[in-house]
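Coordinates from upload_9.pdb are shown below (PDB, C-alpha atoms).
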ATOM      1  CA  ASN E   1      12.031  66.498 118.316
ATOM      2  CA  TYR E   2       8.733  64.600 118.218
ATOM      3  CA  PRO E   3       7.721  63.935 121.847
ATOM      4  CA  SER E   4       4.627  61.994 120.760
ATOM      5  CA  ILE E   5       6.847  59.210 119.390
ATOM      6  CA  LYS E   6       7.469  56.660 122.142
ATOM      7  CA  THR E   7       8.729  53.668 120.160
ATOM      8  CA  LEU E   8      10.357  53.233 116.782
ATOM      9  CA  GLY E   9      11.264  50.186 114.730
ATOM     10  CA  ILE E  10      14.202  49.896 112.351
ATOM     11  CA  ILE E  11      13.507  47.151 109.823
ATOM     12  CA  ALA E  12      16.652  47.749 107.751
ATOM     13  CA  GLU E  13      19.461  45.210 107.806
ATOM     14  CA  GLY E  14      23.124  46.002 107.479
ATOM     15  CA  VAL E  15      23.092  49.137 109.627
ATOM     16  CA  PRO E  16      26.726  49.845 110.661
ATOM     17  CA  GLU E  17      27.294  48.941 114.307
ATOM     18  CA  GLN E  18      28.740  52.368 115.174
ATOM     19  CA  GLN E  19      25.677  54.057 113.716
ATOM     20  CA  THR E  20      23.395  51.725 115.673
ATOM     21  CA  ARG E  21      25.163  52.571 118.909
ATOM     22  CA  GLU E  22      24.739  56.282 118.192
ATOM     23  CA  LEU E  23      21.031  55.744 117.500
ATOM     24  CA  ILE E  24      20.638  53.834 120.758
ATOM     25  CA  LYS E  25      22.304  56.669 122.686
ATOM     26  CA  VAL E  26      19.997  59.292 121.148
ATOM     27  CA  ALA E  27      16.906  57.140 121.716
ATOM     28  CA  GLU E  28      17.818  56.633 125.372
ATOM     29  CA  SER E  29      18.369  60.364 125.873
ATOM     30  CA  LYS E  30      14.852  61.017 124.585
ATOM     31  CA  SER E  31      13.261  58.041 126.427
ATOM     32  CA  VAL E  32      12.239  56.474 123.135
ATOM     33  CA  GLY E  33      12.059  52.696 122.820
ATOM     34  CA  MET E  34      13.817  51.147 119.861
ATOM     35  CA  ILE E  35      13.182  47.814 118.146
ATOM     36  CA  GLY E  36      15.824  46.625 115.693
ATOM     37  CA  PRO E  37      17.759  47.124 113.502
ATOM     38  CA  ALA E  38      17.188  44.001 111.387
ATOM     39  CA  THR E  39      13.787  43.259 112.872
ATOM     40  CA  VAL E  40      10.376  42.309 111.527
ATOM     41  CA  GLY E  41       8.899  44.349 114.393
ATOM     42  CA  GLY E  42       6.471  43.359 117.115
ATOM     43  CA  ILE E  43       2.818  42.624 117.701
ATOM     44  CA  LYS E  44       0.235  43.073 120.435
ATOM     45  CA  PRO E  45      -2.762  41.020 119.249
ATOM     46  CA  GLY E  46      -6.020  42.922 119.213
ATOM     47  CA  CYS E  47      -4.134  46.193 119.503
ATOM     48  CA  LEU E  48      -1.323  46.909 117.030
ATOM     49  CA  ARG E  49       1.660  45.617 115.170
ATOM     50  CA  ILE E  50       4.938  47.215 114.159
ATOM     51  CA  GLY E  51       6.490  46.162 110.866
ATOM     52  CA  ASN E  52       5.290  42.956 109.246
ATOM     53  CA  THR E  53       5.305  40.677 112.281
ATOM     54  CA  GLY E  54       2.729  37.938 111.962
ATOM     55  CA  GLY E  55       2.902  37.829 108.200
ATOM     56  CA  MET E  56      -0.113  37.947 105.907
ATOM     57  CA  LEU E  57      -3.746  37.921 106.964
ATOM     58  CA  ASP E  58      -4.163  34.148 106.651
ATOM     59  CA  ASN E  59      -1.275  33.578 109.058
ATOM     60  CA  ILE E  60      -2.629  36.181 111.495
ATOM     61  CA  VAL E  61      -5.955  34.352 111.545
ATOM     62  CA  MET E  62      -4.340  30.905 111.834
ATOM     63  CA  SER E  63      -2.178  32.022 114.764
ATOM     64  CA  ARG E  64      -5.131  33.868 116.357
ATOM     65  CA  LEU E  65      -3.214  37.140 116.429
ATOM     66  CA  TYR E  66      -6.442  39.126 116.249
ATOM     67  CA  ARG E  67      -7.033  38.783 120.002
ATOM     68  CA  PRO E  68      -4.719  38.611 123.037
ATOM     69  CA  GLY E  69      -3.620  35.414 124.730
ATOM     70  CA  SER E  70      -1.468  34.961 127.825
ATOM     71  CA  VAL E  71       2.061  34.332 126.486
ATOM     72  CA  ALA E  72       4.512  37.216 125.972
ATOM     73  CA  TYR E  73       7.671  36.461 124.026
ATOM     74  CA  VAL E  74      10.902  38.011 122.820
ATOM     75  CA  SER E  75      12.863  36.545 119.933
ATOM     76  CA  LYS E  76      16.154  37.455 118.324
ATOM     77  CA  SER E  77      15.039  36.148 114.960
ATOM     78  CA  GLY E  78      12.191  37.719 113.016
ATOM     79  CA  GLY E  79      11.454  34.617 110.986
ATOM     80  CA  MET E  80      11.413  32.479 114.094
ATOM     81  CA  SER E  81       9.099  34.942 115.811
ATOM     82  CA  ASN E  82       6.457  33.999 113.253
ATOM     83  CA  GLU E  83       7.100  30.353 114.038
ATOM     84  CA  LEU E  84       6.668  31.185 117.728
ATOM     85  CA  ASN E  85       3.278  32.731 116.953
ATOM     86  CA  ASN E  86       2.230  29.399 115.484
ATOM     87  CA  ILE E  87       3.750  27.278 118.269
ATOM     88  CA  VAL E  88       2.245  29.432 121.025
ATOM     89  CA  CYS E  89      -1.185  29.360 119.381
ATOM     90  CA  ARG E  90      -1.159  25.568 119.222
ATOM     91  CA  ASN E  91       0.030  25.037 122.793
ATOM     92  CA  SER E  92      -1.682  27.779 124.814
ATOM     93  CA  ASP E  93      -4.410  30.397 124.494
ATOM     94  CA  GLY E  94      -2.128  32.464 122.240
ATOM     95  CA  VAL E  95       0.205  35.437 122.151
ATOM     96  CA  TYR E  96      -0.256  38.388 124.488
ATOM     97  CA  GLU E  97       2.623  40.348 122.993
ATOM     98  CA  GLY E  98       5.649  39.471 120.924
ATOM     99  CA  VAL E  99       8.779  41.335 119.866
ATOM    100  CA  ALA E 100      11.637  40.387 117.566
ATOM    101  CA  ILE E 101      14.585  42.481 118.727
ATOM    102  CA  GLY E 102      16.778  41.660 115.719
ATOM    103  CA  GLY E 103      19.948  39.646 115.345
ATOM    104  CA  ASP E 104      22.545  42.422 115.257
ATOM    105  CA  ARG E 105      25.372  42.571 117.753
ATOM    106  CA  TYR E 106      23.965  45.773 119.283
ATOM    107  CA  PRO E 107      20.143  45.672 119.228
ATOM    108  CA  GLY E 108      18.206  48.792 120.101
ATOM    109  CA  SER E 109      16.446  46.941 122.908
ATOM    110  CA  ARG E 110      17.396  43.811 124.785
ATOM    111  CA  PHE E 111      15.635  40.811 126.246
ATOM    112  CA  LEU E 112      15.624  42.377 129.702
ATOM    113  CA  ASP E 113      13.969  45.601 128.527
ATOM    114  CA  HIS E 114      10.925  43.739 127.272
ATOM    115  CA  PHE E 115      10.755  41.118 130.004
ATOM    116  CA  LEU E 116      10.669  43.838 132.648
ATOM    117  CA  ARG E 117       7.652  45.304 130.837
ATOM    118  CA  TYR E 118       6.011  41.897 130.689
ATOM    119  CA  GLN E 119       6.668  41.300 134.381
ATOM    120  CA  ASP E 120       4.819  44.520 135.231
ATOM    121  CA  ASP E 121       1.941  43.811 132.818
ATOM    122  CA  ALA E 122      -0.852  41.827 134.449
ATOM    123  CA  GLY E 123      -2.003  40.498 131.086
ATOM    124  CA  ALA E 124       1.229  38.581 130.472
ATOM    125  CA  LYS E 125       0.945  35.371 132.467
ATOM    126  CA  MET E 126       3.959  33.458 131.166
ATOM    127  CA  LEU E 127       7.082  34.544 129.310
ATOM    128  CA  LEU E 128       8.917  32.991 126.389
ATOM    129  CA  LEU E 129      12.458  33.646 125.178
ATOM    130  CA  LEU E 130      14.049  32.485 121.951
ATOM    131  CA  GLY E 131      17.674  33.488 121.954
ATOM    132  CA  GLU E 132      20.630  32.294 119.961
ATOM    133  CA  VAL E 133      24.351  31.693 120.070
ATOM    134  CA  GLY E 134      26.341  34.889 120.640
ATOM    135  CA  GLY E 135      25.927  37.756 123.059
ATOM    136  CA  MET E 136      25.441  37.881 126.823
ATOM    137  CA  ASP E 137      21.955  39.385 127.189
ATOM    138  CA  GLU E 138      20.470  36.171 128.537
ATOM    139  CA  TYR E 139      22.695  36.473 131.611
ATOM    140  CA  ASP E 140      21.170  39.854 132.514
ATOM    141  CA  LEU E 141      17.776  38.158 132.446
ATOM    142  CA  ILE E 142      19.109  35.376 134.659
ATOM    143  CA  GLU E 143      20.250  37.940 137.219
ATOM    144  CA  ALA E 144      16.803  39.585 137.164
ATOM    145  CA  VAL E 145      15.225  36.215 137.927
ATOM    146  CA  LYS E 146      17.703  35.418 140.685
ATOM    147  CA  SER E 147      17.138  38.820 142.309
ATOM    148  CA  GLY E 148      13.366  38.347 142.276
ATOM    149  CA  ARG E 149      12.716  41.241 139.886
ATOM    150  CA  ILE E 150      11.142  38.804 137.456
ATOM    151  CA  THR E 151       8.919  36.143 138.992
ATOM    152  CA  LYS E 152       6.687  34.972 136.157
ATOM    153  CA  PRO E 153       7.501  31.573 134.643
ATOM    154  CA  ILE E 154       9.856  31.723 131.666
ATOM    155  CA  VAL E 155      10.154  29.118 128.946
ATOM    156  CA  ALA E 156      13.454  29.617 127.127
ATOM    157  CA  TRP E 157      15.694  28.192 124.453
ATOM    158  CA  CYS E 158      18.823  29.448 122.686
ATOM    159  CA  VAL E 159      19.262  28.117 119.171
ATOM    160  CA  GLY E 160      22.686  27.312 117.752
ATOM    161  CA  THR E 161      23.605  24.294 119.865
ATOM    162  CA  CYS E 162      24.839  22.641 116.651
ATOM    163  CA  ALA E 163      27.814  25.032 116.697
ATOM    164  CA  SER E 164      29.617  22.536 118.935
ATOM    165  CA  CYS E 165      29.692  20.110 116.009
ATOM    166  CA  PHE E 166      32.179  22.328 114.173
ATOM    167  CA  ALA E 167      35.914  22.423 114.829
ATOM    168  CA  THR E 168      36.007  26.240 114.808
ATOM    169  CA  GLU E 169      33.561  28.987 115.765
ATOM    170  CA  VAL E 170      30.799  29.437 113.205
ATOM    171  CA  GLN E 171      29.216  32.701 112.064
ATOM    172  CA  PHE E 172      25.516  32.005 111.582
ATOM    173  CA  GLY E 173      23.104  34.206 109.603
ATOM    174  CA  HIS E 174      22.753  37.062 112.090
ATOM    175  CA  ALA E 175      25.555  39.533 112.679
ATOM    176  CA  GLY E 176      25.478  38.763 116.404
ATOM    177  CA  ALA E 177      25.147  34.981 116.012
ATOM    178  CA  GLN E 178      28.704  33.978 116.820
ATOM    179  CA  ALA E 179      30.096  32.941 120.180
ATOM    180  CA  ARG E 180      33.032  35.041 121.321
ATOM    181  CA  GLY E 181      33.864  32.919 124.335
ATOM    182  CA  ASP E 182      32.435  29.845 126.054
ATOM    183  CA  MET E 183      29.719  31.777 127.921
ATOM    184  CA  GLU E 184      28.246  32.967 124.624
ATOM    185  CA  THR E 185      27.579  29.477 123.287
ATOM    186  CA  ALA E 186      23.979  28.366 123.061
ATOM    187  CA  ALA E 187      24.679  25.296 125.196
ATOM    188  CA  ALA E 188      26.197  27.388 128.009
ATOM    189  CA  LYS E 189      23.303  29.835 128.028
ATOM    190  CA  ASN E 190      20.680  27.075 128.002
ATOM    191  CA  LYS E 191      22.448  25.400 130.909
ATOM    192  CA  ALA E 192      22.687  28.646 132.889
ATOM    193  CA  MET E 193      19.014  29.471 132.330
ATOM    194  CA  LYS E 194      17.931  26.005 133.390
ATOM    195  CA  GLU E 195      20.010  26.236 136.567
ATOM    196  CA  ALA E 196      18.375  29.611 137.321
ATOM    197  CA  GLY E 197      14.890  28.094 137.213
ATOM    198  CA  PHE E 198      13.857  28.764 133.637
ATOM    199  CA  HIS E 199      11.848  26.064 131.887
ATOM    200  CA  VAL E 200      14.384  24.924 129.297
ATOM    201  CA  PRO E 201      13.627  21.949 127.024
ATOM    202  CA  ASP E 202      16.278  19.442 125.971
ATOM    203  CA  SER E 203      16.018  20.566 122.337
ATOM    204  CA  PHE E 204      14.079  22.997 120.178
ATOM    205  CA  ASP E 205      11.636  20.330 119.033
ATOM    206  CA  LYS E 206      10.608  19.902 122.678
ATOM    207  CA  LEU E 207       9.787  23.612 123.029
ATOM    208  CA  PRO E 208       6.075  23.265 122.120
ATOM    209  CA  GLU E 209       5.626  20.558 124.736
ATOM    210  CA  MET E 210       7.335  22.709 127.366
ATOM    211  CA  ILE E 211       5.092  25.670 126.561
ATOM    212  CA  SER E 212       2.030  23.435 126.838
ATOM    213  CA  THR E 213       3.173  21.992 130.167
ATOM    214  CA  VAL E 214       3.801  25.377 131.790
ATOM    215  CA  TYR E 215       0.591  26.847 130.372
ATOM    216  CA  THR E 216      -1.499  23.900 131.594
ATOM    217  CA  GLN E 217      -0.018  24.294 135.064
ATOM    218  CA  LEU E 218      -0.969  27.979 135.114
ATOM    219  CA  VAL E 219      -4.524  27.090 134.110
ATOM    220  CA  GLU E 220      -4.738  24.493 136.880
ATOM    221  CA  GLU E 221      -3.436  27.033 139.400
ATOM    222  CA  GLY E 222      -5.991  29.602 138.277
ATOM    223  CA  VAL E 223      -3.363  32.066 137.083
ATOM    224  CA  VAL E 224      -4.749  31.781 133.560
ATOM    225  CA  VAL E 225      -8.532  31.762 133.201
ATOM    226  CA  GLU E 226      -9.488  30.417 129.810
ATOM    227  CA  THR E 227     -12.426  31.948 127.974
ATOM    228  CA  PRO E 228     -14.481  30.482 125.111
ATOM    229  CA  GLU E 229     -13.003  31.189 121.699
ATOM    230  CA  GLY E 230     -15.043  33.843 119.936
ATOM    231  CA  GLU E 231     -15.957  34.002 116.300
ATOM    232  CA  THR E 232     -13.066  34.595 113.920
ATOM    233  CA  PRO E 233     -13.371  38.154 112.557
TER     234      PRO E 233
END
Once more with this new file: its structure as structure tokens, please.
Amino acid sequence: NYPSIKTLGIIAEGVPEQQTRELIKVAESKSVGMIGPATVGGIKPGCLRIGNTGGMLDNIVMSRLYRPGSVAYVSKSGGMSNELNNIVCRNSDGVYEGVAIGGDRYPGSRFLDHFLRYQDDAGAKMLLLLGEVGGMDEYDLIEAVKSGRITKPIVAWCVGTCASCFATEVQFGHAGAQARGDMETAAAKNKAMKEAGFHVPDSFDKLPEMISTVYTQLVEEGVVVETPEGETP
């Protein structure tokens, strides 16, 4: 009943899945975007942040989240989204926009929802995905790339490849972080994304190098025009 509200974030963890699905249905009926549950929020440097994404002021300054860069990301994990802020800052001109959608089985928004926005936003020059074991949302993104709906370069990695080291399926920290079938494993999703043309490193520790490589190529092609770093506010 508040038409001025366009997006809402649900930081709370432990929201019952049935209740989440009801919230998603209501939000969709009112054309309201939803981030979470179980999210730290999102940030658009130089503009706004939702929740506590980016951490305290010293981390915001260190990761240069006070002005926009060229990399737009979506992460399942909130904690890892803050690590992405740091990694992106060190290997490119910084974050353009970042969202942590939360690790529940039924998030209020999905990877595809945000990547479609980034594709249509001229300020986002390259895209970054940090997924995890469990769920099938990465495959919807793959189809969008194959169909040509998304054309910007995507660097991607799904964490949880260590699950193959265990004899049985493992439930990781997030409610949705468990493979319910071979296609939901991190290894399968990384392989599928790589085959679809995503820039997928061999391991997470190679992710910074991959971001740097793709970013450097965009600079050389003139897609990204670097500007002198201004004074820290």
Give me the residues within 9 Å of E:Gly14 as an mmCIF file with C-alpha atoms, in the coordinates of the input, counting only C-alpha atoms and dropping any in the same chain fewer than 3 places off.
data_model
loop_
_atom_site.group_PDB
_atom_site.id
_atom_site.type_symbol
_atom_site.label_atom_id
_atom_site.label_comp_id
_atom_site.auth_asym_id
_atom_site.auth_seq_id
_atom_site.Cartn_x
_atom_site.Cartn_y
_atom_site.Cartn_z
ATOM 1 C CA GLU E 17 27.294 48.941 114.307
ATOM 2 C CA PRO E 37 17.759 47.124 113.502
ATOM 3 C CA ALA E 38 17.188 44.001 111.387
ATOM 4 C CA ASP E 104 22.545 42.422 115.257
ATOM 5 C CA ALA E 175 25.555 39.533 112.679
#
Determine, using all atoms listed in the file, which residues of stretch 3-104 of chain E have any atom at most 8 Å from an atom of stretch 128-136 of chain E, and tabulate each with its shortest atom pair and distance in Å to one decimal place, rows ordered by chain and then rising number, as a tab-separated table.
residue	atom	partner	partner_atom	distance
E:Val71	CA	E:Leu128	CA	7.0
E:Ala72	CA	E:Leu128	CA	6.1
E:Tyr73	CA	E:Leu128	CA	4.4
E:Val74	CA	E:Leu129	CA	5.2
E:Ser75	CA	E:Leu130	CA	4.7
E:Lys76	CA	E:Gly131	CA	5.6
E:Ser77	CA	E:Gly131	CA	7.9
Residues matched by the PyMOL selection byres ((chain E and resi 108-110) around 9) as a list in words: Gly9, Ile10, Thr20, Arg21, Leu23, Ile24, Ala27, Gly33, Met34, Ile35, Gly36, Pro37, Val74, Ile101, Gly102, Tyr106, Pro107, Phe111, Leu112, Asp113, His114, Phe115 and Asp137 of chain E
Result set of the PyMOL selection byres ((chain E and resi 65-68) around 8) on the coordinates above, as a ChimeraX atom specification: /E:44-47,54,60-64,69-70,85,94-97,233
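Pairwise distance (atom CA of E:Thr232, atom CA of E:Asp93) equals 14.3 Å.
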Spatial neighbours of E:Val219, 12 Å, all atoms listed in the file, chain gap at least 6 places, as a PyMOL selection string: chain E and resi 70+92-93+125-126+212-213+225-227
Write a file of the selected residues as a short mmCIF file (atom, residue, chain, number, x, y, z; two decimals), keeping the file's coordinate frame, keeping C-alpha atoms.
data_model
loop_
_atom_site.label_atom_id
_atom_site.label_comp_id
_atom_site.auth_asym_id
_atom_site.auth_seq_id
_atom_site.Cartn_x
_atom_site.Cartn_y
_atom_site.Cartn_z
CA SER E 70 -1.47 34.96 127.82
CA SER E 92 -1.68 27.78 124.81
CA ASP E 93 -4.41 30.40 124.49
CA LYS E 125 0.94 35.37 132.47
CA MET E 126 3.96 33.46 131.17
CA SER E 212 2.03 23.44 126.84
CA THR E 213 3.17 21.99 130.17
CA VAL E 225 -8.53 31.76 133.20
CA GLU E 226 -9.49 30.42 129.81
CA THR E 227 -12.43 31.95 127.97
#
Selected residue of minimal separation from E:Asp121 among E:Lys152, E:Phe204, E:His199, E:Val88, counting only C-alpha atoms: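 Looking at the shortest contact to E:Asp121, the residue is E:Lys152.
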For E:Ile5, the nearest of the candidates E:Ala196, E:Leu48, E:Arg105, E:Ser31, counting only C-alpha atoms: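 The answer is E:Ser31, which sits nearest to E:Ile5.
Taken over the whole file, the PyMOL selection byres ((chain E and resi 202) around 12) covers exactly Val155, Ala156, Trp157, Cys158, Val159, Thr161, Ala187, Asn190, Lys191, Lys194, His199, Val200, Pro201, Ser203, Phe204, Asp205, Lys206, Leu207, Pro208, Glu209 and Met210 of chain E.
Atom pair atom CA of E:Gly41 / atom CA of E:Lys6: separated by 14.6 Å.
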Best match for closeness to E:Ala12 among E:Gly55, E:Pro228, E:Gly98, E:Gly103, counting all atoms listed in the file: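 Smallest distance to E:Ala12 is found for E:Gly103.
Atom to atom, atom CA of E:Leu116 and atom CA of E:Ile150 stand 7.0 Å apart.
Proximity of E:Ala188, E:Leu8, E:Ile87, E:Val40 to E:Val99, computed with only C-alpha atoms, is greatest for E:Val40.
Compared by their closest atoms to E:Val224, and using only C-alpha atoms, the residues E:Ala124, E:Met193, E:Ile154, E:Ala144 rank with E:Ala124 nearest.
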E:Asn1, E:Met80, E:Arg49, E:Glu13 ranked by distance to E:Lys30, top pick (using all atoms listed in the file):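 Selected residue with least distance to E:Lys30: E:Asn1.
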